[in-house]
>>> print(open('query11.tsv').read())   # TSV, N, CA and C atoms
chain	number	residue	atom	x	y	z
C	5	GLN	N	-17.60	8.51	0.90
C	5	GLN	CA	-16.68	7.39	0.78
C	5	GLN	C	-15.33	7.90	0.30
C	6	VAL	N	-14.30	7.35	0.91
C	6	VAL	CA	-12.95	7.80	0.62
C	6	VAL	C	-12.30	6.85	-0.36
C	7	GLN	N	-11.74	7.41	-1.42
C	7	GLN	CA	-10.95	6.61	-2.35
C	7	GLN	C	-9.54	7.15	-2.39
C	8	PHE	N	-8.60	6.28	-2.17
C	8	PHE	CA	-7.20	6.65	-2.25
C	8	PHE	C	-6.71	6.44	-3.69
C	9	VAL	N	-5.62	7.10	-4.03
C	9	VAL	CA	-5.03	6.96	-5.36
C	9	VAL	C	-3.68	6.26	-5.20
C	10	GLU	N	-3.59	5.07	-5.78
C	10	GLU	CA	-2.36	4.30	-5.73
C	10	GLU	C	-1.55	4.55	-6.99
C	11	SER	N	-0.23	4.59	-6.84
C	11	SER	CA	0.65	4.77	-7.99
C	11	SER	C	2.01	4.19	-7.70
C	12	GLY	N	2.84	4.11	-8.74
C	12	GLY	CA	4.20	3.66	-8.57
C	12	GLY	C	4.50	2.26	-9.04
C	13	GLY	N	3.47	1.55	-9.46
C	13	GLY	CA	3.69	0.19	-9.94
C	13	GLY	C	4.38	0.18	-11.28
C	14	GLY	N	4.71	-1.03	-11.73
C	14	GLY	CA	5.36	-1.17	-13.02
C	14	GLY	C	5.96	-2.54	-13.18
C	15	LEU	N	6.77	-2.66	-14.21
C	15	LEU	CA	7.47	-3.91	-14.50
C	15	LEU	C	8.90	-3.81	-13.98
C	16	VAL	N	9.30	-4.81	-13.20
C	16	VAL	CA	10.64	-4.81	-12.64
C	16	VAL	C	11.19	-6.22	-12.66
C	17	GLN	N	12.50	-6.34	-12.76
C	17	GLN	CA	13.12	-7.66	-12.76
C	17	GLN	C	13.21	-8.21	-11.34
C	18	PRO	N	13.27	-9.51	-11.21
C	18	PRO	CA	13.46	-10.11	-9.88
C	18	PRO	C	14.69	-9.51	-9.20
C	19	GLY	N	14.53	-9.21	-7.91
C	19	GLY	CA	15.60	-8.57	-7.17
C	19	GLY	C	15.55	-7.05	-7.21
C	20	GLY	N	14.70	-6.51	-8.04
C	20	GLY	CA	14.59	-5.08	-8.17
C	20	GLY	C	13.71	-4.44	-7.09
C	21	SER	N	13.50	-3.13	-7.23
C	21	SER	CA	12.76	-2.37	-6.23
C	21	SER	C	11.73	-1.47	-6.89
C	22	LEU	N	10.68	-1.21	-6.14
C	22	LEU	CA	9.67	-0.24	-6.52
C	22	LEU	C	9.20	0.48	-5.27
C	23	ARG	N	8.71	1.69	-5.44
C	23	ARG	CA	8.14	2.45	-4.34
C	23	ARG	C	6.72	2.84	-4.72
C	24	LEU	N	5.77	2.29	-4.00
C	24	LEU	CA	4.38	2.61	-4.24
C	24	LEU	C	3.93	3.77	-3.37
C	25	SER	N	2.99	4.55	-3.89
C	25	SER	CA	2.43	5.67	-3.14
C	25	SER	C	0.92	5.52	-3.03
C	26	CYS	N	0.41	5.92	-1.90
C	26	CYS	CA	-1.03	5.87	-1.62
C	26	CYS	C	-1.42	7.27	-1.15
C	27	LYS	N	-2.12	8.00	-2.01
C	27	LYS	CA	-2.45	9.40	-1.73
C	27	LYS	C	-3.90	9.52	-1.30
C	28	ALA	N	-4.11	10.21	-0.20
C	28	ALA	CA	-5.47	10.43	0.28
C	28	ALA	C	-6.06	11.70	-0.32
C	29	PRO	N	-7.36	11.73	-0.54
C	29	PRO	CA	-7.98	12.94	-1.10
C	29	PRO	C	-7.94	14.08	-0.10
C	30	ARG	N	-7.97	15.30	-0.63
C	30	ARG	CA	-7.92	16.50	0.21
C	30	ARG	C	-9.13	16.58	1.13
C	31	THR	N	-10.22	15.93	0.73
C	31	THR	CA	-11.46	16.03	1.49
C	31	THR	C	-11.34	15.45	2.90
C	32	ILE	N	-10.33	14.63	3.13
C	32	ILE	CA	-10.18	14.06	4.48
C	32	ILE	C	-8.96	14.62	5.18
C	33	LEU	N	-8.54	15.81	4.75
C	33	LEU	CA	-7.35	16.42	5.33
C	33	LEU	C	-7.42	16.50	6.85
C	34	SER	N	-8.62	16.83	7.37
C	34	SER	CA	-8.75	17.06	8.80
C	34	SER	C	-8.63	15.78	9.62
C	35	VAL	N	-8.88	14.63	9.00
C	35	VAL	CA	-8.85	13.37	9.76
C	35	VAL	C	-7.76	12.43	9.28
C	36	TRP	N	-7.05	12.81	8.25
C	36	TRP	CA	-6.04	11.93	7.65
C	36	TRP	C	-5.09	11.37	8.70
C	37	TRP	N	-4.63	12.23	9.59
C	37	TRP	CA	-3.59	11.85	10.53
C	37	TRP	C	-4.09	10.82	11.55
C	38	THR	N	-5.41	10.65	11.65
C	38	THR	CA	-5.98	9.70	12.60
C	38	THR	C	-6.16	8.30	12.02
C	39	LEU	N	-5.94	8.18	10.73
C	39	LEU	CA	-6.26	6.92	10.05
C	39	LEU	C	-5.12	5.91	10.08
C	40	ASP	N	-5.48	4.67	10.33
C	40	ASP	CA	-4.56	3.56	10.11
C	40	ASP	C	-4.71	3.15	8.64
C	41	ILE	N	-3.60	2.98	7.96
C	41	ILE	CA	-3.62	2.70	6.53
C	41	ILE	C	-2.97	1.36	6.26
C	42	THR	N	-3.60	0.60	5.37
C	42	THR	CA	-3.09	-0.72	5.02
C	42	THR	C	-2.88	-0.83	3.52
C	43	TRP	N	-1.79	-1.45	3.13
C	43	TRP	CA	-1.56	-1.86	1.75
C	43	TRP	C	-2.02	-3.32	1.62
C	44	TYR	N	-2.75	-3.57	0.55
C	44	TYR	CA	-3.22	-4.92	0.23
C	44	TYR	C	-2.71	-5.27	-1.17
C	45	ARG	N	-2.75	-6.53	-1.48
C	45	ARG	CA	-2.51	-6.95	-2.86
C	45	ARG	C	-3.50	-8.04	-3.23
C	46	GLN	N	-3.73	-8.12	-4.51
C	46	GLN	CA	-4.70	-9.08	-5.00
C	46	GLN	C	-4.13	-9.81	-6.19
C	47	PHE	N	-4.09	-11.13	-6.08
C	47	PHE	CA	-3.67	-11.97	-7.19
C	47	PHE	C	-4.90	-12.31	-8.03
C	48	PRO	N	-4.73	-12.57	-9.31
C	48	PRO	CA	-5.88	-12.89	-10.15
C	48	PRO	C	-6.72	-14.03	-9.58
C	49	GLY	N	-8.01	-13.79	-9.46
C	49	GLY	CA	-8.92	-14.81	-8.97
C	49	GLY	C	-8.90	-15.02	-7.47
C	50	LYS	N	-8.15	-14.18	-6.75
C	50	LYS	CA	-8.04	-14.34	-5.31
C	50	LYS	C	-8.57	-13.09	-4.60
C	51	GLN	N	-8.81	-13.22	-3.30
C	51	GLN	CA	-9.21	-12.08	-2.51
C	51	GLN	C	-8.00	-11.24	-2.13
C	52	ARG	N	-8.26	-10.00	-1.81
C	52	ARG	CA	-7.17	-9.13	-1.37
C	52	ARG	C	-6.57	-9.68	-0.07
C	53	GLU	N	-5.26	-9.52	0.06
C	53	GLU	CA	-4.58	-9.93	1.28
C	53	GLU	C	-3.75	-8.77	1.81
C	54	LEU	N	-3.60	-8.75	3.12
C	54	LEU	CA	-2.82	-7.69	3.75
C	54	LEU	C	-1.35	-7.84	3.42
C	55	VAL	N	-0.73	-6.72	3.08
C	55	VAL	CA	0.71	-6.69	2.83
C	55	VAL	C	1.42	-6.01	3.99
C	56	ALA	N	0.96	-4.81	4.31
C	56	ALA	CA	1.58	-4.03	5.39
C	56	ALA	C	0.61	-2.97	5.85
C	57	SER	N	0.74	-2.59	7.11
C	57	SER	CA	-0.13	-1.55	7.65
C	57	SER	C	0.67	-0.62	8.54
C	58	ILE	N	0.14	0.59	8.70
C	58	ILE	CA	0.78	1.58	9.56
C	58	ILE	C	-0.30	2.34	10.30
C	59	THR	N	-0.12	2.47	11.62
C	59	THR	CA	-1.11	3.16	12.42
C	59	THR	C	-0.84	4.66	12.43
C	60	ARG	N	-1.71	5.37	13.07
C	60	ARG	CA	-1.59	6.82	13.17
C	60	ARG	C	-0.30	7.23	13.86
C	61	ASP	N	0.18	6.39	14.77
C	61	ASP	CA	1.40	6.75	15.49
C	61	ASP	C	2.64	6.09	14.90
C	62	GLY	N	2.47	5.47	13.73
C	62	GLY	CA	3.64	4.93	13.04
C	62	GLY	C	3.97	3.48	13.32
C	63	THR	N	3.15	2.80	14.09
C	63	THR	CA	3.39	1.38	14.32
C	63	THR	C	3.09	0.60	13.05
C	64	THR	N	4.01	-0.29	12.70
C	64	THR	CA	3.89	-1.03	11.45
C	64	THR	C	3.66	-2.52	11.67
C	65	ASN	N	3.09	-3.14	10.65
C	65	ASN	CA	2.84	-4.58	10.69
C	65	ASN	C	2.99	-5.09	9.26
C	66	TYR	N	3.57	-6.29	9.13
C	66	TYR	CA	3.83	-6.83	7.80
C	66	TYR	C	3.38	-8.28	7.70
C	67	ALA	N	2.97	-8.66	6.50
C	67	ALA	CA	2.75	-10.07	6.23
C	67	ALA	C	4.09	-10.78	6.27
C	68	ASP	N	4.08	-12.03	6.71
C	68	ASP	CA	5.32	-12.78	6.83
C	68	ASP	C	6.07	-12.85	5.50
C	69	SER	N	5.33	-12.90	4.41
C	69	SER	CA	5.95	-13.06	3.10
C	69	SER	C	6.75	-11.85	2.64
C	70	VAL	N	6.55	-10.71	3.28
C	70	VAL	CA	7.25	-9.49	2.85
C	70	VAL	C	8.17	-8.92	3.92
C	71	LYS	N	8.16	-9.50	5.10
C	71	LYS	CA	9.00	-9.00	6.18
C	71	LYS	C	10.46	-8.98	5.76
C	72	GLY	N	11.12	-7.88	6.05
C	72	GLY	CA	12.53	-7.74	5.70
C	72	GLY	C	12.76	-7.26	4.29
C	73	ARG	N	11.71	-7.22	3.48
C	73	ARG	CA	11.86	-6.77	2.09
C	73	ARG	C	11.07	-5.50	1.82
C	74	PHE	N	9.90	-5.38	2.45
C	74	PHE	CA	9.04	-4.22	2.23
C	74	PHE	C	9.06	-3.32	3.46
C	75	THR	N	8.91	-2.02	3.23
C	75	THR	CA	8.85	-1.05	4.32
C	75	THR	C	7.71	-0.07	4.05
C	76	ILE	N	6.83	0.05	5.03
C	76	ILE	CA	5.72	0.99	4.92
C	76	ILE	C	6.06	2.23	5.74
C	77	SER	N	5.69	3.38	5.21
C	77	SER	CA	5.94	4.64	5.92
C	77	SER	C	4.85	5.63	5.52
C	78	ARG	N	4.77	6.72	6.28
C	78	ARG	CA	3.76	7.71	5.96
C	78	ARG	C	4.33	9.11	6.09
C	79	ASP	N	3.83	10.00	5.25
C	79	ASP	CA	4.17	11.41	5.30
C	79	ASP	C	2.85	12.16	5.44
C	80	ASN	N	2.51	12.52	6.66
C	80	ASN	CA	1.21	13.14	6.90
C	80	ASN	C	1.08	14.50	6.21
C	81	SER	N	2.20	15.19	6.03
C	81	SER	CA	2.14	16.49	5.37
C	81	SER	C	1.73	16.36	3.90
C	82	LYS	N	1.96	15.18	3.33
C	82	LYS	CA	1.61	14.93	1.94
C	82	LYS	C	0.39	14.02	1.80
C	83	ARG	N	-0.22	13.66	2.93
C	83	ARG	CA	-1.38	12.75	2.92
C	83	ARG	C	-1.04	11.47	2.13
C	84	THR	N	0.15	10.96	2.34
C	84	THR	CA	0.62	9.84	1.53
C	84	THR	C	1.25	8.76	2.40
C	85	VAL	N	0.94	7.52	2.05
C	85	VAL	CA	1.61	6.36	2.63
C	85	VAL	C	2.40	5.69	1.53
C	86	PHE	N	3.63	5.32	1.84
C	86	PHE	CA	4.51	4.70	0.87
C	86	PHE	C	4.72	3.22	1.20
C	87	LEU	N	5.01	2.46	0.17
C	87	LEU	CA	5.43	1.07	0.35
C	87	LEU	C	6.69	0.87	-0.47
C	88	GLN	N	7.81	0.83	0.21
C	88	GLN	CA	9.09	0.55	-0.44
C	88	GLN	C	9.25	-0.95	-0.55
C	89	MET	N	9.38	-1.43	-1.76
C	89	MET	CA	9.48	-2.86	-2.00
C	89	MET	C	10.84	-3.18	-2.59
C	90	ASN	N	11.63	-3.92	-1.86
C	90	ASN	CA	12.96	-4.33	-2.30
C	90	ASN	C	13.01	-5.84	-2.49
C	91	SER	N	14.03	-6.30	-3.17
C	91	SER	CA	14.23	-7.73	-3.39
C	91	SER	C	12.96	-8.39	-3.91
C	92	LEU	N	12.38	-7.78	-4.90
C	92	LEU	CA	11.10	-8.26	-5.41
C	92	LEU	C	11.24	-9.63	-6.05
C	93	ARG	N	10.18	-10.41	-5.90
C	93	ARG	CA	10.13	-11.78	-6.43
C	93	ARG	C	8.95	-11.89	-7.39
C	94	SER	N	8.99	-12.91	-8.20
C	94	SER	CA	7.89	-13.10	-9.15
C	94	SER	C	6.56	-13.27	-8.42
C	95	GLU	N	6.61	-13.86	-7.23
C	95	GLU	CA	5.37	-14.07	-6.48
C	95	GLU	C	4.80	-12.80	-5.87
C	96	ASP	N	5.51	-11.68	-6.02
C	96	ASP	CA	4.97	-10.39	-5.59
C	96	ASP	C	4.11	-9.75	-6.68
C	97	THR	N	4.09	-10.36	-7.85
C	97	THR	CA	3.29	-9.85	-8.95
C	97	THR	C	1.82	-9.85	-8.56
C	98	ALA	N	1.20	-8.67	-8.57
C	98	ALA	CA	-0.19	-8.53	-8.14
C	98	ALA	C	-0.62	-7.09	-8.37
C	99	SER	N	-1.89	-6.84	-8.14
C	99	SER	CA	-2.41	-5.48	-8.08
C	99	SER	C	-2.39	-5.05	-6.63
C	100	TYR	N	-1.87	-3.86	-6.37
C	100	TYR	CA	-1.69	-3.36	-5.02
C	100	TYR	C	-2.68	-2.22	-4.76
C	101	TYR	N	-3.32	-2.29	-3.60
C	101	TYR	CA	-4.32	-1.31	-3.20
C	101	TYR	C	-4.03	-0.82	-1.78
C	102	CYS	N	-4.54	0.34	-1.46
C	102	CYS	CA	-4.44	0.81	-0.08
C	102	CYS	C	-5.82	1.25	0.38
C	103	ASN	N	-6.01	1.27	1.69
C	103	ASN	CA	-7.26	1.71	2.26
C	103	ASN	C	-7.07	1.98	3.74
C	104	HIS	N	-8.01	2.72	4.30
C	104	HIS	CA	-7.98	2.94	5.73
C	104	HIS	C	-8.80	1.84	6.40
C	105	ALA	N	-8.59	1.67	7.69
C	105	ALA	CA	-9.31	0.65	8.44
C	105	ALA	C	-10.81	0.88	8.32
C	106	GLY	N	-11.53	-0.13	7.88
C	106	GLY	CA	-12.97	-0.02	7.73
C	106	GLY	C	-13.42	0.56	6.41
C	107	GLY	N	-12.47	0.92	5.57
C	107	GLY	CA	-12.83	1.50	4.28
C	107	GLY	C	-13.51	0.49	3.37
C	108	VAL	N	-14.53	0.92	2.67
C	108	VAL	CA	-15.28	0.02	1.79
C	108	VAL	C	-15.16	0.41	0.33
C	109	SER	N	-14.65	1.61	0.06
C	109	SER	CA	-14.51	2.06	-1.31
C	109	SER	C	-13.05	1.91	-1.71
C	110	TRP	N	-12.83	1.35	-2.90
C	110	TRP	CA	-11.47	1.04	-3.32
C	110	TRP	C	-11.07	1.87	-4.54
C	111	GLY	N	-9.80	2.21	-4.60
C	111	GLY	CA	-9.26	2.90	-5.75
C	111	GLY	C	-8.95	1.94	-6.88
C	112	GLN	N	-8.26	2.44	-7.89
C	112	GLN	CA	-7.93	1.64	-9.07
C	112	GLN	C	-6.80	0.66	-8.82
C	113	GLY	N	-6.01	0.92	-7.80
C	113	GLY	CA	-4.87	0.06	-7.54
C	113	GLY	C	-3.72	0.37	-8.50
C	114	THR	N	-2.59	-0.27	-8.25
C	114	THR	CA	-1.45	-0.13	-9.14
C	114	THR	C	-0.85	-1.52	-9.36
C	115	GLN	N	-0.54	-1.82	-10.60
C	115	GLN	CA	-0.08	-3.15	-10.96
C	115	GLN	C	1.43	-3.26	-10.79
C	116	VAL	N	1.85	-4.30	-10.10
C	116	VAL	CA	3.27	-4.62	-9.96
C	116	VAL	C	3.51	-5.95	-10.66
C	117	THR	N	4.45	-5.94	-11.58
C	117	THR	CA	4.81	-7.15	-12.30
C	117	THR	C	6.30	-7.38	-12.16
C	118	VAL	N	6.66	-8.52	-11.61
C	118	VAL	CA	8.06	-8.88	-11.40
C	118	VAL	C	8.38	-10.03	-12.35
C	119	SER	N	9.20	-9.71	-13.33
C	119	SER	CA	9.50	-10.70	-14.35
C	119	SER	C	10.80	-10.36	-15.05
C	120	SER	N	11.51	-11.40	-15.46
C	120	SER	CA	12.72	-11.17	-16.23
C	120	SER	C	12.42	-11.21	-17.72
>>> encode(input="query11.tsv", output="structure tokens")
Amino acid sequence: QVQFVESGGGLVQPGGSLRLSCKAPRTILSVWWTLDITWYRQFPGKQRELVASITRDGTTNYADSVKGRFTISRDNSKRTVFLQMNSLRSEDTASYYCNHAGGVSWGQGTQVTVSS
């Protein structure tokens, strides 16, 4: 089972920016480049929801609520997918997770708190 390591969260004021990182373990180095990766977020008491995804060839997809504000990208040489979050709003406050398509094992996530 593959567990990714999420990082980069924190406390930021409304309108601010954060860059999240999703690092894949070295054990999947040989197949990393074939994986479609998705960022999810989870609000307290709610199920995880899709935020953004990126395919092996770089095709991206975003939830309507983050379009124009968030950008997903990947650096295959670093086994890392990034989520650049700009113009953050209080409603973006959540725990953020990443996973590959079909992944069932989850990492610790990273907490994003948007508050003045």
>>> atom_distance(input="query11.tsv", atom1="atom CA of Gly20 of chain C", atom2="atom CA of Val85 of chain C")
20.4 Å
>>> atom_distance(input="query11.tsv", atom1="atom C of Gln46 of chain C", atom2="atom C of Ile76 of chain C")
19.8 Å
>>> atom_distance(input="query11.tsv", atom1="atom CA of Thr84 of chain C", atom2="atom CA of Gly19 of chain C")
25.3 Å
>>> closest_residue(input="query11.tsv", among="C:Ala28, C:Lys50, C:Val55, C:Trp36", to="Ser69 of chain C", atoms="all atoms listed in the file")
C:Val55
>>> closest_residue(input="query11.tsv", among="C:Pro48, C:Val118, C:Lys82, C:Ile32", to="Glu95 of chain C", atoms="all atoms listed in the file")
C:Val118
>>> residues_around(input="query11.tsv", residues="Asp40 of chain C", least_positions_apart="5", cutoff="6 Å", atoms="all atoms listed in the file", output="list in words")
Ile58, Thr59, Arg60, Asn103, His104 and Ala105 of chain C
>>> closest_residue(input="query11.tsv", among="C:Ser57, C:Ser81, C:Ser109, C:Ser94", to="Trp37 of chain C", atoms="only C-alpha atoms")
C:Ser81
>>> select_by_dssp(input="query11.tsv", residues="segment 22-82 of chain C", states="strand (DSSP E or B)", output="list in words")
Leu22, Arg23, Leu24, Ser25, Cys26, Lys27, Ile41, Thr42, Trp43, Tyr44, Arg45, Gln46, Glu53, Leu54, Val55, Ala56, Ser57, Ile58, Thr64, Asn65, Tyr66, Phe74, Thr75, Ile76, Ser77, Arg78 and Asp79 of chain C
>>> decode(input="query11.tsv", residues="segment 40-116 of chain C", atoms="C-alpha atoms", output="mmCIF file, in the first residue's frame")
data_model
loop_
_atom_site.group_PDB
_atom_site.id
_atom_site.type_symbol
_atom_site.label_atom_id
_atom_site.label_comp_id
_atom_site.auth_asym_id
_atom_site.auth_seq_id
_atom_site.Cartn_x
_atom_site.Cartn_y
_atom_site.Cartn_z
ATOM 1 C CA ASP C 40 -2.769 10.041 -11.840
ATOM 2 C CA ILE C 41 -2.663 12.024 -8.600
ATOM 3 C CA THR C 42 -5.517 13.819 -6.880
ATOM 4 C CA TRP C 43 -5.617 16.344 -4.072
ATOM 5 C CA TYR C 44 -8.606 15.997 -1.756
ATOM 6 C CA ARG C 45 -9.774 17.961 1.233
ATOM 7 C CA GLN C 46 -11.877 17.023 4.165
ATOM 8 C CA PHE C 47 -13.978 19.301 6.320
ATOM 9 C CA PRO C 48 -14.770 18.212 9.886
ATOM 10 C CA GLY C 49 -17.517 15.611 9.880
ATOM 11 C CA LYS C 50 -17.588 15.411 6.087
ATOM 12 C CA GLN C 51 -16.248 13.020 3.479
ATOM 13 C CA ARG C 52 -13.200 13.852 1.434
ATOM 14 C CA GLU C 53 -13.899 15.829 -1.718
ATOM 15 C CA LEU C 54 -11.857 16.254 -4.861
ATOM 16 C CA VAL C 55 -9.925 19.499 -5.123
ATOM 17 C CA ALA C 56 -7.696 18.971 -8.142
ATOM 18 C CA SER C 57 -6.157 16.147 -10.119
ATOM 19 C CA ILE C 58 -3.341 15.688 -12.598
ATOM 20 C CA THR C 59 -2.820 12.799 -14.972
ATOM 21 C CA ARG C 60 0.417 11.177 -16.014
ATOM 22 C CA ASP C 61 0.566 13.420 -19.067
ATOM 23 C CA GLY C 62 -0.189 16.594 -17.147
ATOM 24 C CA THR C 63 -3.881 17.001 -17.839
ATOM 25 C CA THR C 64 -5.502 18.822 -14.941
ATOM 26 C CA ASN C 65 -8.978 18.988 -13.466
ATOM 27 C CA TYR C 66 -10.336 21.233 -10.722
ATOM 28 C CA ALA C 67 -13.357 21.479 -8.501
ATOM 29 C CA ASP C 68 -15.488 24.466 -9.463
ATOM 30 C CA SER C 69 -14.879 26.034 -6.060
ATOM 31 C CA VAL C 70 -11.126 26.344 -6.657
ATOM 32 C CA LYS C 71 -10.914 27.030 -10.382
ATOM 33 C CA GLY C 72 -8.828 30.084 -11.103
ATOM 34 C CA ARG C 73 -7.343 30.083 -7.602
ATOM 35 C CA PHE C 74 -5.568 26.737 -7.257
ATOM 36 C CA THR C 75 -3.003 25.192 -9.596
ATOM 37 C CA ILE C 76 -1.878 21.582 -9.531
ATOM 38 C CA SER C 77 1.458 20.549 -11.011
ATOM 39 C CA ARG C 78 3.889 17.681 -10.816
ATOM 40 C CA ASP C 79 7.644 17.228 -10.784
ATOM 41 C CA ASN C 80 8.311 13.614 -11.675
ATOM 42 C CA SER C 81 12.021 13.945 -10.915
ATOM 43 C CA LYS C 82 11.083 14.711 -7.307
ATOM 44 C CA ARG C 83 8.134 12.284 -7.104
ATOM 45 C CA THR C 84 6.083 15.263 -5.983
ATOM 46 C CA VAL C 85 2.774 16.858 -6.871
ATOM 47 C CA PHE C 86 2.187 20.444 -5.812
ATOM 48 C CA LEU C 87 -0.968 22.401 -5.115
ATOM 49 C CA GLN C 88 -0.482 26.143 -5.350
ATOM 50 C CA MET C 89 -3.344 27.814 -3.539
ATOM 51 C CA ASN C 90 -3.905 31.530 -4.066
ATOM 52 C CA SER C 91 -6.648 33.895 -2.957
ATOM 53 C CA LEU C 92 -7.459 31.618 -0.072
ATOM 54 C CA ARG C 93 -10.833 31.909 1.626
ATOM 55 C CA SER C 94 -12.066 30.848 5.016
ATOM 56 C CA GLU C 95 -14.086 28.109 3.326
ATOM 57 C CA ASP C 96 -10.832 26.529 2.120
ATOM 58 C CA THR C 97 -10.036 25.637 5.721
ATOM 59 C CA ALA C 98 -9.721 21.843 5.780
ATOM 60 C CA SER C 99 -7.323 18.939 5.975
ATOM 61 C CA TYR C 100 -5.745 18.280 2.588
ATOM 62 C CA TYR C 101 -4.735 14.837 1.347
ATOM 63 C CA CYS C 102 -3.359 13.386 -1.851
ATOM 64 C CA ASN C 103 -3.588 9.946 -3.374
ATOM 65 C CA HIS C 104 -3.260 8.095 -6.628
ATOM 66 C CA ALA C 105 -6.282 6.813 -8.519
ATOM 67 C CA GLY C 106 -7.604 3.758 -6.710
ATOM 68 C CA GLY C 107 -5.446 4.325 -3.675
ATOM 69 C CA VAL C 108 -6.917 3.055 -0.419
ATOM 70 C CA SER C 109 -4.186 3.977 2.043
ATOM 71 C CA TRP C 110 -4.077 7.572 3.217
ATOM 72 C CA GLY C 111 -1.324 9.726 4.646
ATOM 73 C CA GLN C 112 -1.582 12.112 7.584
ATOM 74 C CA GLY C 113 -2.698 15.020 5.453
ATOM 75 C CA THR C 114 -1.798 18.647 6.014
ATOM 76 C CA GLN C 115 -4.013 21.184 7.736
ATOM 77 C CA VAL C 116 -4.852 24.451 6.020
#
